[in-house]
>>> print(open('data-v7.cif').read())   # mmCIF, C-alpha atoms
data_work
loop_
_atom_site.group_PDB
_atom_site.id
_atom_site.type_symbol
_atom_site.label_atom_id
_atom_site.label_comp_id
_atom_site.auth_asym_id
_atom_site.auth_seq_id
_atom_site.Cartn_x
_atom_site.Cartn_y
_atom_site.Cartn_z
ATOM 1 C CA MET V 1 0.000 0.000 0.000
ATOM 2 C CA SER V 2 1.231 3.495 -0.794
ATOM 3 C CA SER V 3 2.194 5.960 1.913
ATOM 4 C CA GLY V 4 -0.726 8.127 0.829
ATOM 5 C CA LEU V 5 -0.958 11.721 -0.153
ATOM 6 C CA LYS V 6 2.191 13.823 0.344
ATOM 7 C CA ILE V 7 1.301 16.776 2.552
ATOM 8 C CA VAL V 8 4.039 19.344 3.044
ATOM 9 C CA ALA V 9 3.589 22.071 5.644
ATOM 10 C CA LEU V 10 5.630 25.261 5.364
ATOM 11 C CA ILE V 11 6.031 27.122 8.640
ATOM 12 C CA GLY V 12 7.069 30.582 7.516
ATOM 13 C CA SER V 13 8.384 31.981 10.787
ATOM 14 C CA PRO V 14 12.045 33.066 10.545
ATOM 15 C CA THR V 15 12.618 32.555 14.291
ATOM 16 C CA ALA V 16 12.548 29.222 16.062
ATOM 17 C CA SER V 17 10.268 28.784 19.039
ATOM 18 C CA ALA V 18 8.895 25.618 20.595
ATOM 19 C CA ASN V 19 5.659 27.451 21.447
ATOM 20 C CA SER V 20 5.270 29.280 18.122
ATOM 21 C CA ARG V 21 1.579 29.934 17.476
ATOM 22 C CA THR V 22 2.193 29.468 13.754
ATOM 23 C CA LEU V 23 3.657 26.005 14.366
ATOM 24 C CA LEU V 24 0.851 25.139 16.796
ATOM 25 C CA LEU V 25 -1.774 26.192 14.251
ATOM 26 C CA VAL V 26 -0.127 24.021 11.600
ATOM 27 C CA ARG V 27 -0.033 21.034 13.944
ATOM 28 C CA HIS V 28 -3.768 21.366 14.582
ATOM 29 C CA LEU V 29 -4.465 21.707 10.856
ATOM 30 C CA LEU V 30 -2.364 18.639 10.054
ATOM 31 C CA GLU V 31 -4.099 16.619 12.755
ATOM 32 C CA ALA V 32 -7.495 17.533 11.288
ATOM 33 C CA LEU V 33 -6.304 16.646 7.780
ATOM 34 C CA GLN V 34 -4.869 13.304 8.882
ATOM 35 C CA GLN V 35 -8.219 12.383 10.437
ATOM 36 C CA ARG V 36 -9.695 12.648 6.939
ATOM 37 C CA LEU V 37 -6.896 11.625 4.563
ATOM 38 C CA HIS V 38 -4.337 8.841 4.365
ATOM 39 C CA ALA V 39 -1.246 11.020 4.154
ATOM 40 C CA SER V 40 2.420 11.366 4.937
ATOM 41 C CA VAL V 41 3.414 14.738 6.385
ATOM 42 C CA THR V 42 6.668 16.639 6.061
ATOM 43 C CA LEU V 43 7.366 19.908 7.863
ATOM 44 C CA VAL V 44 9.518 22.556 6.214
ATOM 45 C CA GLU V 45 10.440 25.166 8.793
ATOM 46 C CA LEU V 46 11.941 28.467 7.722
ATOM 47 C CA ALA V 47 13.796 29.139 10.992
ATOM 48 C CA PRO V 48 16.510 26.436 10.689
ATOM 49 C CA ILE V 49 17.456 27.562 7.161
ATOM 50 C CA ALA V 50 16.889 31.312 7.618
ATOM 51 C CA ARG V 51 20.544 32.371 7.804
ATOM 52 C CA ALA V 52 21.604 30.253 4.827
ATOM 53 C CA LEU V 53 18.566 31.407 2.871
ATOM 54 C CA GLY V 54 19.315 35.055 3.617
ATOM 55 C CA GLN V 55 22.744 34.674 1.994
ATOM 56 C CA THR V 56 21.314 32.992 -1.113
ATOM 57 C CA LEU V 57 20.998 35.183 -4.190
ATOM 58 C CA SER V 58 20.096 32.454 -6.685
ATOM 59 C CA ARG V 59 18.859 28.905 -6.415
ATOM 60 C CA SER V 60 22.005 27.575 -8.072
ATOM 61 C CA GLU V 61 24.036 28.741 -5.073
ATOM 62 C CA ALA V 62 21.613 27.533 -2.394
ATOM 63 C CA GLU V 63 23.090 25.478 0.420
ATOM 64 C CA PRO V 64 21.914 21.832 0.559
ATOM 65 C CA ALA V 65 19.430 22.479 3.393
ATOM 66 C CA VAL V 66 17.766 25.288 1.412
ATOM 67 C CA GLU V 67 17.683 23.188 -1.763
ATOM 68 C CA GLN V 68 16.188 20.265 0.176
ATOM 69 C CA ALA V 69 13.457 22.542 1.550
ATOM 70 C CA LEU V 70 12.646 23.813 -1.944
ATOM 71 C CA ALA V 71 12.577 20.319 -3.451
ATOM 72 C CA THR V 72 10.272 19.129 -0.663
ATOM 73 C CA LEU V 73 7.880 22.039 -1.242
ATOM 74 C CA GLU V 74 7.861 21.401 -4.989
ATOM 75 C CA ASP V 75 7.053 17.722 -4.456
ATOM 76 C CA ALA V 76 3.943 18.355 -2.323
ATOM 77 C CA GLU V 77 0.573 16.983 -3.354
ATOM 78 C CA LEU V 78 -1.062 19.237 -0.762
ATOM 79 C CA LEU V 79 0.760 22.246 0.598
ATOM 80 C CA VAL V 80 -0.177 23.773 3.950
ATOM 81 C CA VAL V 81 1.368 27.226 4.206
ATOM 82 C CA ALA V 82 1.346 29.234 7.428
ATOM 83 C CA ALA V 83 3.092 32.501 8.153
ATOM 84 C CA PRO V 84 3.099 34.951 11.031
ATOM 85 C CA VAL V 85 2.154 38.527 10.234
ATOM 86 C CA HIS V 86 5.115 40.923 10.375
ATOM 87 C CA ARG V 87 4.344 44.597 9.767
ATOM 88 C CA GLY V 88 1.111 43.836 7.958
ATOM 89 C CA SER V 89 2.418 41.063 5.705
ATOM 90 C CA TYR V 90 4.347 37.810 5.690
ATOM 91 C CA PRO V 91 8.050 37.848 6.692
ATOM 92 C CA GLY V 92 10.608 38.871 4.066
ATOM 93 C CA LEU V 93 12.578 35.629 4.354
ATOM 94 C CA PHE V 94 9.371 33.668 3.774
ATOM 95 C CA LYS V 95 8.912 35.545 0.476
ATOM 96 C CA HIS V 96 12.596 35.029 -0.342
ATOM 97 C CA LEU V 97 12.139 31.254 -0.030
ATOM 98 C CA VAL V 98 8.983 31.268 -2.158
ATOM 99 C CA ASP V 99 10.842 33.308 -4.803
ATOM 100 C CA PHE V 100 13.123 30.317 -5.413
ATOM 101 C CA ILE V 101 10.291 27.841 -6.070
ATOM 102 C CA ASP V 102 10.309 26.814 -9.719
ATOM 103 C CA LEU V 103 7.563 28.670 -11.597
ATOM 104 C CA GLU V 104 6.002 25.432 -12.884
ATOM 105 C CA ALA V 105 6.442 23.299 -9.753
ATOM 106 C CA LEU V 106 3.181 24.158 -7.981
ATOM 107 C CA VAL V 107 0.839 24.416 -10.974
ATOM 108 C CA ASP V 108 -2.590 23.149 -9.790
ATOM 109 C CA THR V 109 -1.186 22.018 -6.424
ATOM 110 C CA PRO V 110 -3.805 22.566 -3.704
ATOM 111 C CA VAL V 111 -2.599 25.028 -1.047
ATOM 112 C CA LEU V 112 -4.281 25.491 2.328
ATOM 113 C CA LEU V 113 -3.359 28.950 3.642
ATOM 114 C CA ALA V 114 -3.032 29.935 7.296
ATOM 115 C CA ALA V 115 -1.610 32.843 9.263
ATOM 116 C CA THR V 116 -1.151 34.081 12.798
ATOM 117 C CA GLY V 117 -1.117 37.665 13.964
ATOM 118 C CA GLY V 118 -1.317 39.834 17.040
ATOM 119 C CA SER V 119 -4.933 40.853 16.469
ATOM 120 C CA GLU V 120 -7.896 40.394 14.154
ATOM 121 C CA ARG V 121 -6.777 43.499 12.230
ATOM 122 C CA HIS V 122 -4.363 41.358 10.221
ATOM 123 C CA ALA V 123 -6.781 38.571 9.269
ATOM 124 C CA LEU V 124 -6.926 39.722 5.641
ATOM 125 C CA VAL V 125 -3.249 38.821 5.177
ATOM 126 C CA ILE V 126 -4.464 35.462 3.827
ATOM 127 C CA ASP V 127 -6.531 36.983 1.025
ATOM 128 C CA HIS V 128 -4.463 40.097 0.328
ATOM 129 C CA GLN V 129 -0.927 38.716 0.650
ATOM 130 C CA LEU V 130 -0.704 34.901 0.677
ATOM 131 C CA ARG V 131 -3.410 34.053 -1.877
ATOM 132 C CA PRO V 132 -1.989 36.322 -4.643
ATOM 133 C CA LEU V 133 1.513 34.985 -3.993
ATOM 134 C CA PHE V 134 0.505 31.363 -4.544
ATOM 135 C CA SER V 135 -1.914 32.267 -7.324
ATOM 136 C CA PHE V 136 1.055 33.749 -9.182
ATOM 137 C CA LEU V 137 2.672 30.294 -8.974
ATOM 138 C CA GLN V 138 -0.561 28.882 -10.485
ATOM 139 C CA ALA V 139 -1.241 26.843 -7.366
ATOM 140 C CA HIS V 140 -4.844 26.101 -6.466
ATOM 141 C CA THR V 141 -5.371 28.077 -3.270
ATOM 142 C CA LEU V 142 -8.201 26.470 -1.341
ATOM 143 C CA PRO V 143 -11.025 28.894 -0.532
ATOM 144 C CA ILE V 144 -11.011 28.418 3.245
ATOM 145 C CA GLY V 145 -8.037 29.967 5.023
ATOM 146 C CA VAL V 146 -7.349 29.837 8.761
ATOM 147 C CA TYR V 147 -6.235 32.818 10.838
ATOM 148 C CA ALA V 148 -5.420 32.829 14.564
ATOM 149 C CA THR V 149 -4.482 35.371 17.233
ATOM 150 C CA PRO V 150 -2.880 34.918 20.684
ATOM 151 C CA ALA V 151 -6.363 34.990 22.252
ATOM 152 C CA ASP V 152 -7.196 31.742 20.401
ATOM 153 C CA PHE V 153 -4.563 29.756 22.310
ATOM 154 C CA ASP V 154 -4.112 28.505 25.852
ATOM 155 C CA GLY V 155 -0.611 27.096 25.878
ATOM 156 C CA GLU V 156 -0.491 24.434 23.159
ATOM 157 C CA GLN V 157 -4.265 24.086 23.059
ATOM 158 C CA ILE V 158 -6.769 26.054 21.037
ATOM 159 C CA ASN V 159 -9.340 27.573 23.374
ATOM 160 C CA SER V 160 -11.440 29.245 20.683
ATOM 161 C CA ALA V 161 -14.466 27.278 19.496
ATOM 162 C CA ALA V 162 -14.599 29.482 16.387
ATOM 163 C CA LEU V 163 -10.986 28.655 15.444
ATOM 164 C CA GLN V 164 -11.536 24.948 16.126
ATOM 165 C CA ALA V 165 -14.575 25.028 13.840
ATOM 166 C CA ARG V 166 -12.618 26.887 11.151
ATOM 167 C CA ILE V 167 -9.807 24.297 11.282
ATOM 168 C CA GLN V 168 -12.322 21.467 10.943
ATOM 169 C CA LEU V 169 -14.055 23.212 8.028
ATOM 170 C CA ALA V 170 -10.752 23.879 6.245
ATOM 171 C CA ALA V 171 -9.673 20.247 6.677
ATOM 172 C CA GLU V 172 -13.052 18.957 5.551
ATOM 173 C CA ARG V 173 -13.038 21.122 2.424
ATOM 174 C CA ALA V 174 -9.419 20.241 1.611
ATOM 175 C CA ALA V 175 -10.151 16.534 2.042
ATOM 176 C CA GLY V 176 -13.262 16.854 -0.101
ATOM 177 C CA HIS V 177 -11.156 18.439 -2.824
ATOM 178 C CA LEU V 178 -8.528 15.701 -2.605
ATOM 179 C CA LEU V 179 -10.503 12.632 -1.559
ATOM 180 C CA PRO V 180 -11.127 11.101 -4.986
ATOM 181 C CA HIS V 181 -7.382 11.193 -5.669
ATOM 182 C CA ALA V 182 -6.284 10.186 -2.152
ATOM 183 C CA ALA V 183 -8.748 7.282 -1.993
ATOM 184 C CA SER V 184 -7.567 5.932 -5.329
ATOM 185 C CA GLY V 185 -3.909 6.282 -4.375
ATOM 186 C CA LEU V 186 -3.404 8.668 -7.298
ATOM 187 C CA ALA V 187 -1.817 12.062 -6.977
ATOM 188 C CA PRO V 188 -4.012 15.044 -7.773
ATOM 189 C CA LEU V 189 -3.940 15.741 -11.493
ATOM 190 C CA ARG V 190 -1.372 18.253 -12.648
ATOM 191 C CA ARG V 191 -1.639 20.207 -15.852
ATOM 192 C CA ILE V 192 0.979 19.345 -18.452
ATOM 193 C CA ALA V 193 2.315 22.361 -20.291
#
>>> encode(input="data-v7.cif", output="structure tokens")
Amino acid sequence: MSSGLKIVALIGSPTASANSRTLLLVRHLLEALQQRLHASVTLVELAPIARALGQTLSRSEAEPAVEQALATLEDAELLVVAAPVHRGSYPGLFKHLVDFIDLEALVDTPVLLAATGGSERHALVIDHQLRPLFSFLQAHTLPIGVYATPADFDGEQINSAALQARIQLAAERAAGHLLPHAASGLAPLRRIA
């Protein structure tokens, strides 16, 4: 039997933290997805490669860890992308990493978008920043995004019923989009240029 759908989660925070809300949100999203889909999950975290990435001016000179992260992202059958809001948008190093993704690699790849921010004022970062970025790469951004604030968390647990419901809805819709392919063991169809 195959290992299932390849889900890759990109945690776009340039600083490492064991209690990162962005990482916690991704873990909850992945748990909800794995309840619905037979899938293998790979995490790509920006923080461990941030310094090497910051010194990279072209993909051809990327250090092995950066190249491995890019190859993993490009191989995803479902991409979960989460970024913290920094000054009204995603972090610069997050964008720098995405800039190195091959322009054809994510064509028609489903992408579940998520973000964390200090208040509800930044909730539109998903639709005004992340969605256009992945639409440019011709990825299929799923219509339900997930946004969380510090008030939604109690330690590692989500204490907001609204956020829990949003996570479940996002996972349900993503699974519904992918289920025919996941159930058959086939990868989602990709357009051939």
>>> residues_around(input="data-v7.cif", residues="Asp127 of chain V", least_positions_apart="4", cutoff="12 Å", atoms="only C-alpha atoms", output="list in words")
Ser89, Tyr90, Leu112, Leu113, Ala114, Ala115, His122, Ala123, Arg131, Pro132, Leu133, Phe134, Ser135, Thr141, Leu142, Pro143, Ile144, Gly145, Val146 and Tyr147 of chain V
>>> resolve_selection(input="data-v7.cif", expression="the PyMOL selection byres ((chain V and resi 51) around 12)", output="list of chain:residue names")
V:Pro14, V:Thr15, V:Ala16, V:Leu46, V:Ala47, V:Pro48, V:Ile49, V:Ala50, V:Ala52, V:Leu53, V:Gly54, V:Gln55, V:Thr56, V:Ala62, V:Glu63, V:Ala65, V:Val66, V:Leu93, V:Phe94, V:His96, V:Leu97
>>> closest_residue(input="data-v7.cif", among="V:Leu130, V:Ala9, V:Leu29, V:Ala18", to="Ile167 of chain V", atoms="only C-alpha atoms")
V:Leu29
>>> residues_around(input="data-v7.cif", residues="segment 75-84 of chain V", least_positions_apart="6", cutoff="7 Å", atoms="only C-alpha atoms", output="VMD selection string")
chain V and resid 5 to 13 22 26 90 109 to 117 187 to 188
>>> resolve_selection(input="data-v7.cif", expression="the PyMOL selection byres ((chain V and resi 171) around 8)", output="list in words")
Leu29, Ala32, Leu33, Arg36, Ile167, Gln168, Leu169, Ala170, Glu172, Arg173, Ala174 and Ala175 of chain V
>>> atom_distance(input="data-v7.cif", atom1="atom CA of Ala69 of chain V", atom2="atom CA of Ile101 of chain V")
9.8 Å
>>> atom_distance(input="data-v7.cif", atom1="atom CA of Ala71 of chain V", atom2="atom CA of Leu24 of chain V")
23.9 Å
>>> atom_distance(input="data-v7.cif", atom1="atom CA of Gln138 of chain V", atom2="atom CA of Gln164 of chain V")
29.1 Å
>>> closest_residue(input="data-v7.cif", among="V:Glu61, V:Leu37, V:Ala162, V:Phe153", to="Asn19 of chain V", atoms="only C-alpha atoms")
V:Phe153
>>> resolve_selection(input="data-v7.cif", expression="the PyMOL selection byres ((chain V and resi 108) around 6)", output="JSON, numbers by chain")
{"V": [107, 109, 139, 140, 190]}
>>> axis_aligned_box(input="data-v7.cif", around="segment 66-76 of chain V", padding_each_side="8 Å", output="JSON")
{"center_x": 10.9, "center_y": 21.5, "center_z": -1.7, "size_x": 29.8, "size_y": 23.6, "size_z": 22.5}
